[in-house]
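Chemist: Contents of entry_38.txt (compact mmCIF, C-alpha atoms) are given next:
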```txt
# COMPACT_ATOMS: atom_id res chain seq x y z
CA MET A 29 -13.60 -11.54 -22.49
CA MET A 30 -13.21 -7.84 -22.97
CA ILE A 31 -11.56 -5.85 -20.22
CA THR A 32 -13.08 -2.50 -19.26
CA ILE A 33 -11.35 -0.05 -16.96
CA THR A 34 -12.52 3.30 -15.65
CA ALA A 35 -10.57 6.57 -15.78
CA PHE A 36 -11.15 10.26 -15.10
CA GLU A 37 -13.12 12.11 -17.77
CA ARG A 38 -10.90 15.09 -16.91
CA SER A 39 -7.80 13.98 -15.08
CA PRO A 40 -6.76 16.42 -12.32
CA ASP A 41 -3.17 16.18 -13.59
CA GLY A 42 -4.13 17.37 -17.09
CA GLY A 43 -3.01 14.15 -18.75
CA LYS A 44 0.50 13.95 -17.24
CA GLY A 45 0.01 10.23 -16.63
CA LEU A 46 -0.17 10.44 -12.83
CA ALA A 47 -3.76 9.22 -12.45
CA ARG A 48 -3.82 5.61 -11.35
CA ASP A 49 -5.50 4.28 -14.50
CA MET A 50 -2.07 4.86 -16.10
CA ARG A 51 -0.59 1.99 -14.06
CA VAL A 52 -3.30 -0.39 -15.25
CA ARG A 53 -3.01 0.80 -18.86
CA TRP A 54 0.76 0.29 -18.69
CA ALA A 55 0.36 -3.25 -17.32
CA LEU A 56 -2.17 -4.13 -20.04
CA GLU A 57 0.18 -2.77 -22.70
CA GLU A 58 3.13 -4.75 -21.30
CA VAL A 59 1.19 -8.02 -21.57
CA GLY A 60 -0.50 -7.11 -24.86
CA GLN A 61 -4.12 -7.12 -23.72
CA PRO A 62 -6.60 -4.77 -25.41
CA TYR A 63 -9.05 -2.93 -23.18
CA ASP A 64 -11.97 -0.53 -23.22
CA VAL A 65 -12.14 2.61 -21.10
CA ARG A 66 -15.21 4.12 -19.49
CA LEU A 67 -14.53 7.76 -18.61
CA LEU A 68 -16.20 9.11 -15.47
CA SER A 69 -16.98 12.62 -14.32
CA PHE A 70 -16.17 13.49 -10.69
CA LYS A 71 -19.92 13.39 -10.04
CA ALA A 72 -20.36 9.94 -11.57
CA MET A 73 -17.50 8.59 -9.42
CA LYS A 74 -19.54 9.28 -6.27
CA GLU A 75 -22.79 7.76 -7.55
CA PRO A 76 -24.11 4.32 -6.49
CA ALA A 77 -23.27 2.61 -9.80
CA HIS A 78 -19.56 3.40 -9.39
CA LEU A 79 -19.50 2.98 -5.60
CA ALA A 80 -20.68 -0.59 -6.19
CA LEU A 81 -17.45 -1.13 -8.11
CA ASN A 82 -15.22 0.94 -5.82
CA PRO A 83 -16.53 1.80 -2.35
CA PHE A 84 -14.07 4.71 -2.13
CA GLY A 85 -15.36 6.37 -5.31
CA GLN A 86 -12.01 6.27 -7.06
CA ILE A 87 -10.65 5.21 -10.42
CA PRO A 88 -9.51 2.87 -11.87
CA THR A 89 -11.79 -0.14 -11.68
CA TYR A 90 -11.46 -3.28 -13.76
CA GLU A 91 -14.26 -5.42 -15.21
CA GLU A 92 -13.78 -8.66 -17.07
CA GLY A 93 -16.77 -10.97 -17.41
CA ASP A 94 -18.00 -11.77 -13.89
CA LEU A 95 -15.02 -10.16 -12.18
CA ALA A 96 -15.02 -6.60 -10.88
CA LEU A 97 -11.93 -5.27 -9.10
CA PHE A 98 -10.80 -2.00 -7.59
CA GLU A 99 -7.39 -0.78 -6.28
CA SER A 100 -4.84 -0.26 -9.04
CA GLY A 101 -2.26 -2.40 -7.21
CA ALA A 102 -4.63 -5.36 -7.07
CA ILE A 103 -5.58 -4.88 -10.72
CA VAL A 104 -1.95 -4.77 -11.86
CA LEU A 105 -1.23 -7.91 -9.82
CA HIS A 106 -4.27 -9.66 -11.32
CA ILE A 107 -3.06 -8.82 -14.83
CA ALA A 108 0.51 -9.86 -13.98
CA GLU A 109 -0.61 -13.23 -12.61
CA ARG A 110 -2.74 -14.10 -15.64
CA HIS A 111 -0.48 -13.02 -18.50
CA ALA A 112 3.22 -13.46 -19.20
CA GLY A 113 5.51 -10.45 -19.09
CA LEU A 114 5.24 -8.87 -15.65
CA LEU A 115 6.38 -11.59 -13.24
CA PRO A 116 9.30 -14.04 -13.39
CA ASP A 117 8.58 -17.73 -13.99
CA ASP A 118 10.09 -19.05 -10.76
CA ALA A 119 7.94 -18.95 -7.61
CA ASN A 120 10.53 -17.19 -5.44
CA GLY A 121 11.20 -14.52 -8.05
CA ARG A 122 7.45 -13.92 -8.37
CA ALA A 123 7.08 -13.48 -4.61
CA ARG A 124 9.98 -11.01 -4.58
CA ALA A 125 8.55 -8.99 -7.49
CA ILE A 126 5.25 -8.79 -5.61
CA ALA A 127 7.14 -7.61 -2.52
CA TRP A 128 8.48 -4.71 -4.60
CA MET A 129 4.91 -3.86 -5.63
CA PHE A 130 3.96 -3.56 -1.97
CA ALA A 131 7.14 -1.59 -1.20
CA ALA A 132 6.27 0.89 -3.94
CA LEU A 133 2.64 1.30 -2.91
CA THR A 134 3.17 1.48 0.85
CA THR A 135 6.71 2.28 2.04
CA ILE A 136 7.57 4.64 -0.85
CA GLU A 137 4.22 6.07 -1.93
CA GLU A 138 2.88 6.85 1.56
CA PRO A 139 5.07 9.93 2.24
CA ILE A 140 4.69 11.00 -1.40
CA ILE A 141 0.89 11.09 -1.03
CA ASP A 142 1.39 12.98 2.23
CA ARG A 143 3.37 15.58 0.27
CA GLU A 144 0.58 15.95 -2.29
CA ALA A 145 -2.10 16.13 0.39
CA ALA A 146 -0.07 18.85 2.14
CA ARG A 147 0.05 20.86 -1.07
CA TYR A 148 -3.68 20.88 -1.68
CA LEU A 149 -4.95 20.88 1.92
CA GLU A 150 -2.31 23.05 3.62
CA GLY A 151 -0.77 25.06 0.80
CA ASP A 152 -2.38 28.24 2.14
CA LYS A 153 -1.46 27.61 5.79
CA PRO A 154 1.28 29.61 7.56
CA TRP A 155 3.11 26.41 8.48
CA PHE A 156 3.21 25.00 4.95
CA THR A 157 6.89 25.65 4.20
CA GLN A 158 8.07 24.18 7.49
CA ARG A 159 5.86 21.16 7.06
CA LEU A 160 6.96 20.52 3.50
CA ARG A 161 10.50 20.30 4.82
CA ILE A 162 9.47 17.59 7.30
CA VAL A 163 7.65 15.58 4.64
CA ASP A 164 10.52 15.95 2.18
CA GLU A 165 12.92 14.51 4.75
CA ARG A 166 10.68 11.47 5.14
CA ILE A 167 10.71 11.01 1.36
CA ARG A 168 14.48 11.60 1.10
CA LYS A 169 15.18 8.84 3.62
CA ARG A 170 13.21 6.32 1.59
CA LEU A 171 14.77 7.44 -1.70
CA ARG A 172 18.28 7.07 -0.29
CA GLU A 173 17.48 3.55 0.87
CA LEU A 174 15.94 2.65 -2.47
CA SER A 175 18.87 4.17 -4.33
CA ALA A 176 21.33 2.17 -2.23
CA ARG A 177 19.50 -1.06 -3.06
CA LEU A 178 19.12 -0.33 -6.77
CA GLY A 179 22.81 0.52 -7.18
CA ASP A 180 23.78 0.30 -10.84
CA VAL A 181 21.41 -2.43 -11.98
CA GLU A 182 18.67 -1.84 -14.50
CA TRP A 183 15.61 -3.08 -12.58
CA LEU A 184 14.95 -3.90 -8.93
CA ASP A 185 15.28 -7.69 -9.12
CA GLY A 186 16.31 -9.21 -12.45
CA ALA A 187 14.11 -8.48 -15.47
CA PHE A 188 11.50 -5.69 -15.55
CA SER A 189 8.49 -6.72 -13.44
CA ALA A 190 5.22 -5.46 -11.99
CA GLY A 191 7.37 -4.32 -9.05
CA ASP A 192 9.28 -1.96 -11.33
CA LEU A 193 6.05 -0.84 -13.03
CA GLU A 194 4.65 0.24 -9.66
CA MET A 195 7.90 1.73 -8.38
CA VAL A 196 8.47 3.83 -11.50
CA SER A 197 4.81 4.95 -11.39
CA VAL A 198 5.16 6.03 -7.77
CA LEU A 199 8.47 7.84 -8.31
CA LEU A 200 7.00 9.71 -11.29
CA ARG A 201 4.78 11.57 -8.82
CA LEU A 202 7.92 13.35 -7.59
CA LYS A 203 8.59 15.02 -10.94
CA GLY A 204 9.10 18.71 -10.44
CA SER A 205 9.94 18.36 -6.74
CA GLY A 206 13.68 18.04 -7.32
CA LEU A 207 13.79 15.14 -4.87
CA LEU A 208 14.25 12.40 -7.42
CA GLU A 209 17.28 14.12 -8.97
CA GLU A 210 19.16 13.90 -5.67
CA ASN A 211 19.66 10.21 -6.52
CA PRO A 212 20.81 10.04 -10.15
CA ASN A 213 20.37 6.29 -10.34
CA LEU A 214 16.70 6.70 -9.45
CA SER A 215 16.22 9.39 -12.12
CA ALA A 216 17.80 7.07 -14.68
CA TYR A 217 15.62 4.18 -13.46
CA VAL A 218 12.44 6.23 -13.94
CA ALA A 219 13.64 7.33 -17.38
CA ARG A 220 14.16 3.66 -18.35
CA GLY A 221 10.58 2.98 -17.32
CA GLU A 222 9.23 5.90 -19.35
CA ALA A 223 11.24 4.76 -22.38
CA ARG A 224 9.47 1.39 -22.56
CA PRO A 225 7.19 1.15 -25.61
CA ALA A 226 4.32 -0.13 -23.44
CA TYR A 227 4.65 2.90 -21.16
CA LYS A 228 4.58 5.23 -24.14
CA ARG A 229 1.47 3.61 -25.61
CA ALA A 230 -0.31 3.82 -22.26
CA PHE A 231 0.74 7.44 -21.80
CA GLU A 232 -0.54 8.42 -25.24
CA ALA A 233 -3.86 6.65 -24.61
CA GLN A 234 -4.51 8.47 -21.33
CA LEU A 235 -3.42 11.80 -22.82
CA GLU A 236 -5.75 11.30 -25.76
CA ALA A 237 -8.66 10.61 -23.41
CA PHE A 238 -7.89 13.83 -21.57
CA THR A 239 -7.47 15.89 -24.73
CA THR A 240 -10.71 14.56 -26.24
CA ALA A 241 -12.70 15.20 -23.05
CA SER A 242 -11.26 18.72 -22.73
CA ALA A 243 -12.20 19.54 -26.31
CA VAL A 244 -15.90 18.77 -25.70
CA MET B 1 11.10 -25.86 5.65
CA MET B 2 11.10 -23.74 8.77
CA ILE B 3 9.81 -20.20 8.51
CA THR B 4 11.74 -17.44 10.29
CA ILE B 5 10.41 -13.93 10.67
CA THR B 6 12.02 -10.88 12.25
CA ALA B 7 10.44 -8.61 14.86
CA PHE B 8 11.44 -5.74 17.13
CA GLU B 9 13.46 -6.73 20.18
CA ARG B 10 11.62 -3.90 21.94
CA SER B 11 8.53 -2.92 20.05
CA PRO B 12 7.89 0.86 20.09
CA ASP B 13 4.24 0.16 20.94
CA GLY B 14 5.14 -1.75 24.10
CA GLY B 15 3.61 -5.01 22.87
CA LYS B 16 0.19 -3.62 21.89
CA GLY B 17 0.29 -5.67 18.70
CA LEU B 18 0.68 -2.73 16.31
CA ALA B 19 4.13 -3.64 14.96
CA ARG B 20 3.84 -5.20 11.53
CA ASP B 21 5.21 -8.59 12.56
CA MET B 22 1.80 -9.04 14.22
CA ARG B 23 0.12 -9.23 10.80
CA VAL B 24 2.48 -11.99 9.69
CA ARG B 25 2.14 -13.88 12.99
CA TRP B 26 -1.64 -13.66 12.68
CA ALA B 27 -1.57 -15.01 9.11
CA LEU B 28 0.70 -17.89 10.15
CA GLU B 29 -1.61 -18.73 13.05
CA GLU B 30 -4.68 -18.66 10.78
CA VAL B 31 -3.13 -21.22 8.43
CA GLY B 32 -1.52 -23.26 11.22
CA GLN B 33 2.12 -22.81 10.25
CA PRO B 34 4.75 -22.81 13.01
CA TYR B 35 7.51 -20.20 12.78
CA ASP B 36 10.67 -18.98 14.45
CA VAL B 37 11.28 -15.36 15.36
CA ARG B 38 14.58 -13.50 15.27
CA LEU B 39 14.36 -10.38 17.44
CA LEU B 40 16.31 -7.34 16.27
CA SER B 41 17.53 -4.26 18.08
CA PHE B 42 17.02 -0.89 16.37
CA LYS B 43 20.76 -0.90 15.69
CA ALA B 44 20.74 -4.36 14.10
CA MET B 45 17.86 -3.31 11.81
CA LYS B 46 20.12 -0.75 10.13
CA GLU B 47 23.11 -3.07 9.68
CA PRO B 48 24.09 -4.67 6.35
CA ALA B 49 22.89 -8.17 7.31
CA HIS B 50 19.34 -6.94 7.80
CA LEU B 51 19.42 -4.37 4.99
CA ALA B 52 20.17 -7.29 2.66
CA LEU B 53 16.79 -8.72 3.69
CA ASN B 54 14.93 -5.41 3.82
CA PRO B 55 16.50 -2.38 2.08
CA PHE B 56 14.38 -0.04 4.23
CA GLY B 57 15.69 -1.45 7.52
CA GLN B 58 12.26 -2.48 8.78
CA ILE B 59 10.63 -5.53 10.28
CA PRO B 60 9.15 -8.01 9.55
CA THR B 61 11.11 -10.09 7.07
CA TYR B 62 10.33 -13.69 6.12
CA GLU B 63 12.80 -16.47 5.37
CA GLU B 64 11.87 -19.95 4.22
CA GLY B 65 14.57 -22.05 2.57
CA ASP B 66 15.87 -20.08 -0.43
CA LEU B 67 13.18 -17.43 -0.22
CA ALA B 68 13.64 -14.11 1.58
CA LEU B 69 10.82 -11.57 1.53
CA PHE B 70 10.12 -8.16 3.02
CA GLU B 71 6.94 -6.02 3.23
CA SER B 72 4.32 -7.44 5.58
CA GLY B 73 1.62 -7.19 2.89
CA ALA B 74 3.66 -9.30 0.48
CA ILE B 75 4.47 -11.81 3.22
CA VAL B 76 0.81 -12.20 4.23
CA LEU B 77 -0.14 -12.65 0.57
CA HIS B 78 2.61 -15.26 0.11
CA ILE B 79 1.32 -17.20 3.13
CA ALA B 80 -2.30 -16.85 1.97
CA GLU B 81 -1.48 -18.16 -1.51
CA ARG B 82 0.37 -21.22 -0.25
CA HIS B 83 -1.89 -22.40 2.57
CA ALA B 84 -5.65 -22.81 2.90
CA GLY B 85 -7.57 -20.48 5.18
CA LEU B 86 -6.95 -16.92 4.05
CA LEU B 87 -8.27 -16.78 0.48
CA PRO B 88 -11.43 -18.19 -1.11
CA ASP B 89 -11.15 -21.14 -3.51
CA ASP B 90 -12.64 -19.44 -6.56
CA ALA B 91 -10.37 -17.25 -8.68
CA ASN B 92 -12.63 -14.20 -8.68
CA GLY B 93 -13.11 -14.32 -4.93
CA ARG B 94 -9.35 -14.57 -4.46
CA ALA B 95 -8.75 -11.52 -6.63
CA ARG B 96 -11.35 -9.55 -4.68
CA ALA B 97 -9.84 -10.56 -1.31
CA ILE B 98 -6.45 -9.39 -2.57
CA ALA B 99 -8.05 -6.09 -3.65
CA TRP B 100 -9.17 -5.60 -0.04
CA MET B 101 -5.57 -6.19 1.10
CA PHE B 102 -4.41 -3.37 -1.16
CA ALA B 103 -7.32 -1.15 -0.05
CA ALA B 104 -6.32 -1.67 3.58
CA LEU B 105 -2.61 -1.02 3.03
CA THR B 106 -2.93 1.97 0.69
CA THR B 107 -6.31 3.76 0.68
CA ILE B 108 -7.03 3.25 4.39
CA GLU B 109 -3.61 3.03 6.01
CA GLU B 110 -2.02 5.99 4.21
CA PRO B 111 -3.82 8.76 6.16
CA ILE B 112 -3.51 6.70 9.36
CA ILE B 113 0.29 6.63 8.99
CA ASP B 114 0.16 10.35 8.24
CA ARG B 115 -1.61 10.82 11.59
CA GLU B 116 1.07 8.85 13.43
CA ALA B 117 3.89 10.67 11.65
CA ALA B 118 2.25 13.99 12.60
CA ARG B 119 2.19 12.93 16.25
CA TYR B 120 5.86 12.07 16.47
CA LEU B 121 7.30 14.62 14.03
CA GLU B 122 5.02 17.60 14.64
CA GLY B 123 3.57 16.97 18.10
CA ASP B 124 5.58 19.91 19.49
CA LYS B 125 4.78 22.31 16.64
CA PRO B 126 2.40 25.25 17.09
CA TRP B 127 0.27 24.04 14.17
CA PHE B 128 -0.19 20.50 15.49
CA THR B 129 -3.81 20.77 16.66
CA GLN B 130 -4.98 22.36 13.44
CA ARG B 131 -3.15 19.83 11.37
CA LEU B 132 -4.47 16.87 13.32
CA ARG B 133 -7.95 18.10 12.46
CA ILE B 134 -7.10 18.06 8.73
CA VAL B 135 -5.64 14.54 8.91
CA ASP B 136 -8.56 13.27 10.96
CA GLU B 137 -10.98 14.51 8.31
CA ARG B 138 -9.07 12.54 5.67
CA ILE B 139 -9.35 9.42 7.85
CA ARG B 140 -13.03 10.03 8.64
CA LYS B 141 -13.91 10.17 4.96
CA ARG B 142 -12.33 6.78 4.33
CA LEU B 143 -13.91 5.25 7.42
CA ARG B 144 -17.38 6.44 6.39
CA GLU B 145 -16.91 4.90 2.94
CA LEU B 146 -15.65 1.65 4.42
CA SER B 147 -18.49 1.59 6.94
CA ALA B 148 -21.06 2.10 4.16
CA ARG B 149 -19.63 -0.83 2.22
CA LEU B 150 -19.35 -3.16 5.21
CA GLY B 151 -22.95 -2.51 6.30
CA ASP B 152 -24.11 -5.26 8.61
CA VAL B 153 -22.11 -8.17 7.21
CA GLU B 154 -19.44 -9.98 9.20
CA TRP B 155 -16.46 -9.70 6.85
CA LEU B 156 -15.70 -7.58 3.77
CA ASP B 157 -16.46 -10.17 1.08
CA GLY B 158 -17.82 -13.53 2.22
CA ALA B 159 -15.69 -15.56 4.65
CA PHE B 160 -12.81 -14.06 6.66
CA SER B 161 -9.83 -13.50 4.34
CA ALA B 162 -6.38 -11.95 4.16
CA GLY B 163 -8.23 -8.78 3.16
CA ASP B 164 -9.98 -8.71 6.53
CA LEU B 165 -6.75 -9.60 8.32
CA GLU B 166 -5.06 -6.53 6.83
CA MET B 167 -8.07 -4.24 7.26
CA VAL B 168 -8.54 -5.13 10.92
CA SER B 169 -4.79 -4.71 11.50
CA VAL B 170 -4.82 -1.26 9.91
CA LEU B 171 -7.94 -0.11 11.80
CA LEU B 172 -6.43 -1.26 15.10
CA ARG B 173 -3.89 1.56 14.72
CA LEU B 174 -6.76 3.99 15.40
CA LYS B 175 -7.41 2.67 18.91
CA GLY B 176 -7.48 5.53 21.35
CA SER B 177 -8.15 8.15 18.67
CA GLY B 178 -11.94 7.91 18.99
CA LEU B 179 -12.24 7.83 15.20
CA LEU B 180 -13.15 4.18 14.89
CA GLU B 181 -16.02 4.49 17.35
CA GLU B 182 -17.76 7.02 15.09
CA ASN B 183 -18.69 4.02 12.94
CA PRO B 184 -20.04 1.33 15.28
CA ASN B 185 -20.04 -1.34 12.59
CA LEU B 186 -16.29 -0.81 12.12
CA SER B 187 -15.65 -1.08 15.88
CA ALA B 188 -17.61 -4.34 15.92
CA TYR B 189 -15.70 -5.57 12.85
CA VAL B 190 -12.35 -4.93 14.53
CA ALA B 191 -13.59 -6.65 17.71
CA ARG B 192 -14.56 -9.71 15.63
CA GLY B 193 -11.02 -9.80 14.27
CA GLU B 194 -9.46 -9.53 17.71
CA ALA B 195 -11.74 -12.32 18.97
CA ARG B 196 -10.37 -14.86 16.50
CA PRO B 197 -8.28 -17.55 18.24
CA ALA B 198 -5.47 -17.08 15.70
CA TYR B 199 -5.35 -13.35 16.44
CA LYS B 200 -5.16 -14.04 20.16
CA ARG B 201 -2.33 -16.56 19.79
CA ALA B 202 -0.37 -14.12 17.63
CA PHE B 203 -1.00 -11.28 20.06
CA GLU B 204 0.21 -13.34 23.02
CA ALA B 205 3.34 -14.39 21.12
CA GLN B 206 4.35 -10.81 20.26
CA LEU B 207 3.55 -9.64 23.79
CA GLU B 208 5.67 -12.41 25.25
CA ALA B 209 8.61 -11.43 23.03
CA PHE B 210 8.28 -7.85 24.25
CA THR B 211 7.92 -8.80 27.92
CA THR B 212 10.91 -11.15 27.77
CA ALA B 213 13.12 -8.58 26.05
CA SER B 214 12.12 -5.88 28.50
CA ALA B 215 12.94 -8.09 31.46
CA VAL B 216 16.55 -8.56 30.30
```
Will you turn the file into structure tokens for me?

Modeler:
Amino acid sequence: MMITITAFERSPDGGKGLARDMRVRWALEEVGQPYDVRLLSFKAMKEPAHLALNPFGQIPTYEEGDLALFESGAIVLHIAERHAGLLPDDANGRARAIAWMFAALTTIEEPIIDREAARYLEGDKPWFTQRLRIVDERIRKRLRELSARLGDVEWLDGAFSAGDLEMVSVLLRLKGSGLLEENPNLSAYVARGEARPAYKRAFEAQLEAFTTASAV
Amino acid sequence: MMITITAFERSPDGGKGLARDMRVRWALEEVGQPYDVRLLSFKAMKEPAHLALNPFGQIPTYEEGDLALFESGAIVLHIAERHAGLLPDDANGRARAIAWMFAALTTIEEPIIDREAARYLEGDKPWFTQRLRIVDERIRKRLRELSARLGDVEWLDGAFSAGDLEMVSVLLRLKGSGLLEENPNLSAYVARGEARPAYKRAFEAQLEAFTTASAV
């Protein structure tokens, strides 16, 4: 059965790979599954047809035969559970890799989204600089803890897993903030993620979609 | 094998059931699994023994034989996958219930945590009132979308699932804000969750732990 995902027709990040379809594309590339993409305008994302797939009007969604899913984390987990390559074989290792997915998407990503929301909702407010400092401290605390756990190993728990895929994807959102570079082992970890052939293929695919849409 | 979870020795919420061990207790009660609890002081949570279980120094953790897990979402999913009662039998229904778990813990909970962080980190700042208004609008948008999807059904997708368990737990954090009540079907949904016998048993257990610790 063919897999179809949705993505932005014109990604707000200009094709830098930060839109959440990138995580699903990366997972599909890691496990070697082909997929179709349906590009959506911002208007189409808020229309009933898309809201039936994702009640929050966001991308990506995932359709495969009778199954329709939303939430990139759930989609990546679904892919990881059905195809080899993103979760260890042993039950305990699988549970731990899934724990790292949740850590990435909740404990680590939450203050990072707060930082982004501050930039677009409060960037023009007189308190912005002071507030950014508060948010950055929240992020720094989590990065220090993550850095301490990662130490000098390659991936979070054994071989590369869906947990690393999500963690690298979340940390990539900090590019340009300078925060990641305060923990060199985290910078190197993210670079290892970006160097994976599956990541590169996914990145090129989302950039091409953006470039094509922008050329119309 | 006995299950052991960790919880706050003195929960910051005073036993109102908002600490994340409540979600794990609730899941264990729904599937009828007994468990032990190890209560931790704030100091003990930051010591090496606990950081080995949870690199972010948080509760809850979950130990069962050789397996040690952190992240309440991952723990609830682990319980739901291994025992009947929290996920539908059919594969597609299971994937959709898991998608609701992720929706609760990322899309819905993220601005709610932002609101709580604002209250304790910026409550004394001159911009607090204006900022609370911005955060509340972010929450309202998500609640309206969730309310529209829920409509007049009992649970998010068929029978009660781990997705509802997480969603109700996340929405409970809004008690006292007045935001939940703007969508009466969401208030009623949360009340249905709180009325479940398993929820009540879990609530009593966490309250008892708090009361006992406070009496020492």

Chemist: With distances taken over all atoms listed in the file, which of A:Leu235, A:Ala119, A:Ala112, A:Leu95 is nearest to chain B?

Modeler: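 The answer is A:Leu95, which sits nearest to chain B.
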
Chemist: Could you list the residues in chain B lying within 9 Å of chain A, using only C-alpha atoms, and format the result as number ranges by chain?

Modeler: B: 51-52, 55-57, 66-75, 77-78, 92-93, 95-96, 98-103, 105-107, 109-111, 113-114, 121-122, 126-127, 131, 134, 141-142, 145-146, 148-149

Chemist: Report, in Å with one decimal, the straight-line distance from atom CA of A:Leu193 to atom CA of A:Glu144.

Modeler: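 Taking atom CA of A:Leu193 and atom CA of A:Glu144, their separation equals 20.7 Å.
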
Chemist: So how many Å separate atom CA of A:Ala72 and atom CA of A:Pro40, to one decimal?

Modeler: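 Computing the Euclidean distance for atom CA of A:Ala72 and atom CA of A:Pro40 yields 15.1 Å.
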
Chemist: In Å to one decimal, how far is atom CA of A:Pro116 from atom CA of A:Gly60?

Modeler: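 Going from atom CA of A:Gly60 over to atom CA of A:Pro116 covers 16.6 Å.
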
Chemist: Ranking B:Leu87, B:Met1, B:Ala19, B:Leu39 by minimum distance to B:Gly163 and counting all atoms listed in the file, which one comes first?

Modeler: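 The closest residue to B:Gly163 is B:Leu87.
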